[in-house]
Amino acid sequence: MHPPSPRNPRAVPLVGRRRWHATLALTVAAALHPGGGGAAAFSLRPPLEQTRRRTLSPRAAADDPAVLAVAAGSATELPTAPDPPRRRFAIHTPAGSFNLFGLYFGCLSVGLGAVWGVALTACSLLYRLTGGRVDRARRIPVFCSHMWGTLLMLLTGSMPVVENREILTDFYKANGTAMFIANHNSWMDIPFLCSTIGWRNYKIVAKKELLKVPILGSAVAIAGNVVVDRRDRRSQIQTLRSGIKWLNDGVHLCTFPEGTRSKTGRLNPFKRGAFKMAQSADVPIIPLSIVGSAEVMPLGWMFPVVRSRAVPGRVVVHQPVSTTNKTESEIVVEVRESIISGLPEHQRPIP
């Protein structure tokens with residue numbers, strides 16, 4: 001193992017030509033790094049692997065293209081993100097970690113969430129009494145959810161910096177409907193995405209597991225968001241139909257085509273369901289590059305650990321990609337290249 005790189009004293013270069021070399025190197029690096037052994041429940045010192053952007057387990061490292069590229073000799077060191085702001089106090093539990101800022105964020109979200117829950121219950125009652133004939137596009141629960149999220153983000157300084165917002169302003173003036181597609185590597189991606197879209201009626205393609213989250217699950221169901229069970233082929237087909245229907249009705253759709261959060265922070269391959277929806281409805285796709293969300297809320301933490309402005313968290317809006325007279329593969333490539341162009345080096349996929 002070589003000594004740390006002069007450019008990044010914490011980065012441990014990896015050598016070797018086989019997968020197990022990379023796995024062994026990262027295992028030793030984690031053992032030698034101060035704090036790398038983790039922390040017991042309710043420890044007040046944050047483990048180093050949770051204060052950095054991502055620390056890979058040996059199993060994850062063995063499947064990470066960046067690690068494999070290093071092991072193959074095509075790269076000299078594992079790309080890493082900038083260290084997030086230091087957190088002087090943290091509590092670690094089996095369910096996850098949180099610091100003082102996270103405690104404030106969590107308490108505020110629960111307090112505002114109580115009002116949010118009452119509003120959602122009223123919406124649900126309204127739809128039951130009217131048989132769904134009132135507010136067919138389910139704008140009211142989307143407004144309530146957006147109000148909750150906006151207040152929470154403003155009061156905690158968690159609003160992202162939005163670059164190229166004028167693209168959305170011009171698009172909305174033309175009364176266009178779009179599919180919004182973004183990269184995904186943190187829970188903060190959802191509020192970042194929603195705050196960027198703004199006060200519009202939109203639906204999110206959400207995984208079925210979110211229905212189990214208190215209040216959030218109710219919001220997903222009552223607002224008519226598109227829910228998919230990734231293990232059920234029939235559910236996937238129904239998701240396509242629901243998504244196409246919303247787009248045809250003039251409602252924006254949002255999704256993360258990677259299918260799940262990236263464990264390494266780099267962009268993963270795309271699943272094609274979202275592109276099929278946009279192409280079938282003949283609506284453009286607006287790519288979004290989300291930057292810094294995983295520094296705001298790293299893997300293993302229950303709440304954000306720092307204000308978004310301190311990182312800063314950013315959302316880069318790209319020009320709409322037309323789906324007319326193009327093959328699905330051409331659309332995927334164009335959207336993916338747009339998203340990559342707005343990402344920093346440590347979030348880009350290894351070629």
# chains A, B, ... in the order shown; residues from 1 in each chain; ligands from 1
>>> residues_around(residues="Thr150 in chain A", least_positions_apart="3", cutoff="12 Å", atoms="only C-alpha atoms", output="list in words")
Ser109, Leu112, Trp116, Val142, Phe143, Cys144, Ser145, His146, Met147, Met153, Leu154, Leu155, Thr156, Gly157, Ser158, Met159, Pro160, Pro191, Phe192, Leu193, Cys194, Ser195, Thr196, Ile197, Gly198 and Trp199 of chain A
>>> select_by_dssp(residues="range 109-313 of chain A", states="alpha helix (DSSP H)", output="MDAnalysis selection string")
chainID A and resid 109:130 139:155 165:173 189:197 216:222 233:248 273:281 293:296
>>> closest_residue(among="A:Phe180, A:Phe98, A:Trp148, A:Phe270", to="Val118 in chain A", atoms="only C-alpha atoms")
A:Trp148
>>> closest_residue(among="A:Gly300, A:Leu240, A:Lys245, A:Ala178", to="Thr93 in chain A", atoms="only C-alpha atoms")
A:Gly300
>>> closest_residue(among="A:Gln347, A:Asn99, A:Asn325, A:Asn164", to="Arg266 in chain A", atoms="only C-alpha atoms")
A:Gln347
>>> residues_around(residues="Val335 in chain A", least_positions_apart="5", cutoff="9 Å", atoms="only C-alpha atoms", output="list in words")
Ile181, Ile285, Ile286, Pro287, Pro320, Val321, Glu330 and Ile340 of chain A
>>> atom_distance(atom1="CA of Thr177 in chain A", atom2="CA of Lys271 in chain A")
21.4 Å
